[in-house]
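This report refers to the structure that appears directly beneath it.
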Amino acid sequence: MPDINYLNDLVTQVRRDILRQVHKVNSGHPGGSLGCAEFLVALYQEILNRKEDFSMDGNDEDLFFLSNGHISPVFYSVLARSGYFPVEELNTFRLLNTRLQGHPTTHEGLPGIRIASGSLGQGISVAIGAAQAKKLNNDSNLIYALCGDGELQEGQNWEAIMYASGNNIDNLIVTVDYNKQQIDGSTDAVLPLGNLRAKFEAFDWEVIDIDNGNDLDSIISGLKSAKEKTGKGKPVCILMHTVMGNGVDFMMHTNAWHGKAPNDEQLENALTQNPETLGDY
Amino acid sequence: MKKYIDSGKKDTRSGFGAGLTELGKSNPNVVALCADLIGSLKMDDFKANHPERFFQIGIAEANMMSMAAGMTIGGKIPFTGTFANFSTGRVYDQIRQCIAYSDKNVKICASHAGLTLGEDGATHQILEDIGLMKMLPGMTVINTCDYNQTKAATLAIADFDGPVYLRFGRPKVANFTPENQTFEIGKAIQLQEGNDVTIVATGHLVWEALQAAEVLFSQGISAEVINIHTIKPLDAKAILESVAKTSCIVTAEEHNILGGLGESVARVLATNNPTPQEFVATQDTFGESGTPEQLMDKYGLNADAIYKAAVKVISRK
């Protein structure tokens, strides 16, 4: 198990990767990416039972599905730094002929990706399908999914949420990136999500909160307690309270950086706040 | 002229059900998903025999399509079942992103296609589905003509690696292709050999094309009839070889003239051998309530319409 100092260093390095990727092509989604850096580092370094060699079927290992595909910069960085493909390839983010498409896809064969995402609201359904396949294969490993909070405005999620509890999909942990921001403003301003805990509970899910979704210890203990709730007949939801743009002061607590890249000066400022730890690509 | 015998009218959806039943026994990776239409899709047998591999999704087609994509991860071969309308237009983005773009081995099996579902009316009679599905990169599109062929196609697509749209219908229609035939995806079948006109038909209109050819034959016109069960990939070679003899062509389909088989054939001809073509298809319209026979007559999708189109296209040579 990596020590917490290493993981914190990795988070800082992932933030640099996110910022440098979007800056280079002047496009992409840094806000949500920064908000989920700790979660994805914790998941891939501490929680997932995963094999070194990527296979699409992913038998006998845990699987992760990213529903909010626009946070591809953090996903790519964590995948690369977890050994799925060379870190140098982050240089190709969003460039012509890249495997690192604007939104993640299997189409170019990037190891670590099992489904395209980006058109929102579909990831929980995919994760349920994979969870059913695991059960059919008598594979006791778990399925993890991450979705955005604003994404829950898509109706398909609620079809999936109803299905999962009605069919005892208890090998599934869905984490909601609960940053209360979306591209047009706060979720309250755009379309209020209401009481998400009450909603998931009304659909008969187990719900736990991670109060500080940008703290590695909180995330790891939250994921571990979620894991303990699996196998008991109910799907598990984690409401993970995060700050969009976390780790870069001028990007925090606002939706302004949902889908905007920093300019040269802003990048320098942001990188100064996150000094190089494990080496830039 | 070859004789084709109707061995007794049967619905193509029952051919699908029979194929699925056989797959249940022969292929342990086949799983079936249905959105509250088990009886309509004839999935009862599979459900009864393999309850652990049958998934009732409820009236939630978007969830069904994305779930099917997820089930391929781990090696399952999902067959989804609902009406053609709810298999395509309703869930286009789910199919596009999760199945086609992600190249997942999902078989989208769609019943009640076209006008012949009858009395339910236009809300359920999709005439745009072939166009929608053939436009998706990597999607194979199949429209079978009778019970036996639908059963054979159901078996064949399980052995094919990649996303497939399999389109069939509700009414009982002539069953005239061989029992236990081998279905070759993408390979057109010549049903009648002829020299004066080529008739390329798909789905329910293949039988109608054979009837039209008999009438033409009685008038001294020799029609070549080709059953194009696979619209994508299209058997361009078969079409070009035929028009090289006949120099004119009629396409016939239970689908909108825009986006269907006819346009795919026209593209092949325009780029290889420009040839006079007449289209038997619906004319950019929605359907309506009525019996299948009434609707096929009103919208010009029967043997008589194919006969008239053949006479017309021959005059344009």
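Chain identifiers are assigned as A, B, and so on, following the order in which chains appear in the structure tokens; residues are numbered from 1 within each chain, and ligands are numbered from 1 in order of appearance.
On the backbone of this structure, DSSP gives alpha helix (DSSP H) within segment 123-192 of chain B to Asp129, Ile130, Gly131, Leu132, Met133, Lys134, Tyr147, Asn148, Gln149, Thr150, Lys151, Ala152, Ala153, Thr154, Leu155, Ala156, Ile157, Ala158 and Asp159 of chain B.
All residues in segment 91-145 of chain B with a DSSP state of strand (DSSP E), computed from the backbone, read Lys107, Ile108, Cys109, Ala110, Ser111, Thr140, Val141, Ile142 and Asn143 of chain B.
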Quick one: write out the picked residues with C-alpha atoms as a PDB file, in the first residue's frame?
```pdb
ATOM      1  CA  LYS B 107     -27.548  -7.337 -30.948  1.00  0.00           C
ATOM      2  CA  ILE B 108     -30.416  -4.852 -31.173  1.00  0.00           C
ATOM      3  CA  CYS B 109     -33.435  -6.946 -32.119  1.00  0.00           C
ATOM      4  CA  ALA B 110     -36.381  -4.888 -33.235  1.00  0.00           C
ATOM      5  CA  SER B 111     -39.878  -6.125 -33.851  1.00  0.00           C
ATOM      6  CA  THR B 140     -24.573  -3.917 -39.358  1.00  0.00           C
ATOM      7  CA  VAL B 141     -28.216  -3.587 -40.484  1.00  0.00           C
ATOM      8  CA  ILE B 142     -30.323  -6.642 -41.318  1.00  0.00           C
ATOM      9  CA  ASN B 143     -34.002  -6.807 -42.346  1.00  0.00           C
TER      10      ASN B 143
END
```
Which distance in Å separates atom CA of Leu48 of chain A and atom CA of Leu142 of chain A, to one decimal?
8.4 Å
Would you write out, as a tab-separated table, a table of all residues in chain A that have an atom no more than 10 Å from an atom of chain B, listing for each the closest atom pair and the distance in Å to one decimal, considering only C-alpha atoms and ordering rows by chain and rising residue number?
```
residue	atom	partner	partner_atom	distance
A:Ser55	CA	B:Ile73	CA	9.5
A:Met56	CA	B:Ile73	CA	6.4
A:Asp57	CA	B:Gly74	CA	4.3
A:Gly58	CA	B:Gly74	CA	6.4
A:Asn59	CA	B:Gly74	CA	6.0
A:Asp60	CA	B:Gly74	CA	9.5
A:Leu63	CA	B:Ile73	CA	9.7
A:Phe65	CA	B:Gly70	CA	9.6
A:Thr105	CA	B:Ser102	CA	6.7
A:Thr106	CA	B:Ser102	CA	5.5
A:His107	CA	B:Ser102	CA	6.0
A:Glu108	CA	B:Ser102	CA	9.6
A:Gly109	CA	B:Ser102	CA	9.9
A:Ile113	CA	B:Ser102	CA	9.8
A:Arg114	CA	B:Ile73	CA	7.6
A:Ile115	CA	B:Ser102	CA	5.6
A:Ala116	CA	B:Ser102	CA	5.6
A:Ser117	CA	B:Gln97	CA	7.0
A:Gly118	CA	B:Gln97	CA	8.4
A:Ser119	CA	B:Gln97	CA	7.3
A:Leu120	CA	B:Gln94	CA	9.7
A:Gly121	CA	B:Gln94	CA	9.4
A:Gln122	CA	B:Ser66	CA	6.3
A:Gly123	CA	B:Ser66	CA	7.7
A:Ile124	CA	B:Met67	CA	8.4
A:Ser125	CA	B:Met67	CA	4.9
A:Val126	CA	B:Gly70	CA	4.3
A:Ala127	CA	B:Gly70	CA	6.1
A:Ile128	CA	B:Met67	CA	6.1
A:Gly129	CA	B:Met67	CA	4.1
A:Ala130	CA	B:Gly70	CA	4.5
A:Ala131	CA	B:Met71	CA	7.7
A:Gln132	CA	B:Met71	CA	6.7
A:Ala133	CA	B:Met71	CA	5.2
A:Lys134	CA	B:Gly74	CA	6.8
A:Lys135	CA	B:Glu52	CA	9.9
A:Leu136	CA	B:Glu52	CA	7.8
A:Asn137	CA	B:Gly74	CA	7.6
A:Asp139	CA	B:Gly74	CA	9.5
A:Gly155	CA	B:Ala62	CA	9.2
A:Gln156	CA	B:Asn63	CA	6.1
A:Asn157	CA	B:Asn63	CA	7.8
A:Trp158	CA	B:Asn63	CA	9.0
A:Glu159	CA	B:Ala60	CA	6.0
A:Ala160	CA	B:Asn63	CA	5.7
A:Ile161	CA	B:Asn63	CA	9.5
A:Met162	CA	B:Ala60	CA	9.8
A:Tyr163	CA	B:Ile57	CA	7.0
A:Gly166	CA	B:Ile57	CA	9.9
A:Asn167	CA	B:Ile57	CA	9.4
```
Restricting the output to C-alpha atoms, write the selected residues as a compact mmCIF listing (two decimals), in the first residue's frame.
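And here's selection_25.txt as it stands now:
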```txt
# COMPACT_ATOMS: atom_id res chain seq x y z
CA SER A 55 -8.12 -6.41 -20.89
CA MET A 56 -11.47 -5.20 -22.13
CA ASP A 57 -13.38 -7.95 -20.34
CA GLY A 58 -11.72 -7.20 -17.01
CA ASN A 59 -12.51 -10.57 -15.54
CA ASP A 60 -11.32 -11.24 -11.97
CA LEU A 63 -13.79 -2.22 -12.89
CA PHE A 65 -16.57 3.49 -15.28
CA THR A 105 -13.37 6.40 -25.81
CA THR A 106 -12.49 2.81 -26.56
CA HIS A 107 -12.39 3.67 -30.25
CA GLU A 108 -8.66 4.42 -30.41
CA GLY A 109 -7.80 1.53 -28.09
CA ILE A 113 -11.05 2.76 -21.04
CA ARG A 114 -13.92 0.29 -21.40
CA ILE A 115 -16.73 2.53 -22.69
CA ALA A 116 -17.09 5.90 -24.38
CA SER A 117 -18.59 8.60 -22.18
CA GLY A 118 -19.27 12.27 -22.57
CA SER A 119 -22.88 12.31 -23.61
CA LEU A 120 -24.11 12.34 -20.05
CA GLY A 121 -26.34 10.12 -17.97
CA GLN A 122 -25.30 6.74 -19.36
CA GLY A 123 -22.51 5.55 -17.07
CA ILE A 124 -24.61 4.12 -14.26
CA SER A 125 -26.48 1.96 -16.76
CA VAL A 126 -23.23 0.70 -18.25
CA ALA A 127 -21.89 -0.04 -14.77
CA ILE A 128 -25.05 -2.00 -13.92
CA GLY A 129 -24.62 -4.06 -17.08
CA ALA A 130 -21.02 -4.83 -16.16
CA ALA A 131 -22.14 -5.67 -12.62
CA GLN A 132 -24.69 -8.14 -13.98
CA ALA A 133 -21.99 -9.72 -16.16
CA LYS A 134 -19.77 -10.12 -13.08
CA LYS A 135 -22.57 -11.91 -11.26
CA LEU A 136 -23.17 -14.21 -14.23
CA ASN A 137 -19.45 -14.98 -14.31
CA ASP A 139 -16.77 -12.94 -10.32
CA GLY A 155 -33.57 10.99 -16.82
CA GLN A 156 -31.76 7.80 -17.78
CA ASN A 157 -29.95 7.85 -14.43
CA TRP A 158 -33.22 7.34 -12.62
CA GLU A 159 -34.14 4.42 -14.84
CA ALA A 160 -30.81 2.90 -13.87
CA ILE A 161 -31.12 3.79 -10.20
CA MET A 162 -34.57 2.17 -10.07
CA TYR A 163 -33.30 -0.92 -11.88
CA GLY A 166 -35.08 -3.48 -7.87
CA ASN A 167 -32.65 -6.13 -9.06
```
Quick one: residues within 7 Å of segment 249-253 of chain B, only C-alpha atoms, excluding same-chain residues fewer than 3 positions away - as a PyMOL selection string?
chain B and resi 197-203+205+243+261-262+276-281+309-310+313
Straight-line distance linking atom CA of Phe86 of chain B with atom CA of His255 of chain B, stated in Å to one decimal:
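Those two atoms sit 15.9 Å apart.
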Contacts of Pro275 of chain A at 10 Å (only C-alpha atoms; same-chain gap of 6+ positions) as a VMD selection string:
chain A and resid 9 12 to 13 15 to 16
Tell me, as number ranges by chain, which residues lie within 10 Å of Val206 of chain B, counting only C-alpha atoms; anything in the same chain fewer than 6 positions away does not count.
B: 144-146, 174, 191, 199-200, 212, 225-229, 252-253, 302-303
Any idea what's packed within 8 Å of Asn171 of chain A, counting only C-alpha atoms, ignoring anything in its chain fewer than 5 positions away? Could you give it as a list of chain:residue names?
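In the requested format, the answer is A:Ala131, A:Ser140, A:Asn141, A:Leu142, A:Ile143, A:Thr230, A:Gly231, A:Pro235.
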Give me a file of those residues, with C-alpha atoms, as a PDB file, in the first residue's frame.
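Okay, this is what ended up in part_30.pdb:
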```pdb
ATOM      1  CA  ALA A 131     -22.141  -5.670 -12.618  1.00  0.00           C
ATOM      2  CA  SER A 140     -16.925 -11.396  -6.858  1.00  0.00           C
ATOM      3  CA  ASN A 141     -15.015  -8.254  -7.820  1.00  0.00           C
ATOM      4  CA  LEU A 142     -16.799  -4.916  -7.703  1.00  0.00           C
ATOM      5  CA  ILE A 143     -17.939  -2.280 -10.173  1.00  0.00           C
ATOM      6  CA  THR A 230     -21.679  -4.325  -0.867  1.00  0.00           C
ATOM      7  CA  GLY A 231     -22.938  -7.885  -1.116  1.00  0.00           C
ATOM      8  CA  PRO A 235     -26.489  -0.885  -4.539  1.00  0.00           C
TER       9      PRO A 235
END
```
Quick one: everything within 10 Å of Glu89 of chain A, counting only C-alpha atoms, minus sequence neighbours fewer than 5 positions away in the same chain. Send it as a PyMOL selection string.
chain A and resi 76-77+80+98-100+281
Residues just named, written with C-alpha atoms as a compact mmCIF listing (two decimals), in the first residue's frame:
```
# COMPACT_ATOMS: atom_id res chain seq x y z
CA TYR A 76 -5.98 10.17 -18.35
CA SER A 77 -3.43 11.41 -15.85
CA ALA A 80 -1.08 6.95 -17.16
CA THR A 98 -4.52 10.97 -30.42
CA ARG A 99 -5.77 8.10 -28.30
CA LEU A 100 -6.59 10.76 -25.67
CA TYR A 281 5.60 14.39 -18.53
```
Minimum-distance residue to Asp177 of chain A, chosen among A:His241, A:Lys229, A:Lys199, A:His70 (using only C-alpha atoms):
A:His241
Figure out the distance between atom CA of Ala156 of chain B and atom CA of Leu132 of chain B, please, to one decimal in Å.
22.5 Å
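Between Ala244 of chain B and the candidates B:Val106, B:Leu269, B:Ile189, B:Ala113, the tightest atom-to-atom separation, counting only C-alpha atoms, involves B:Leu269.
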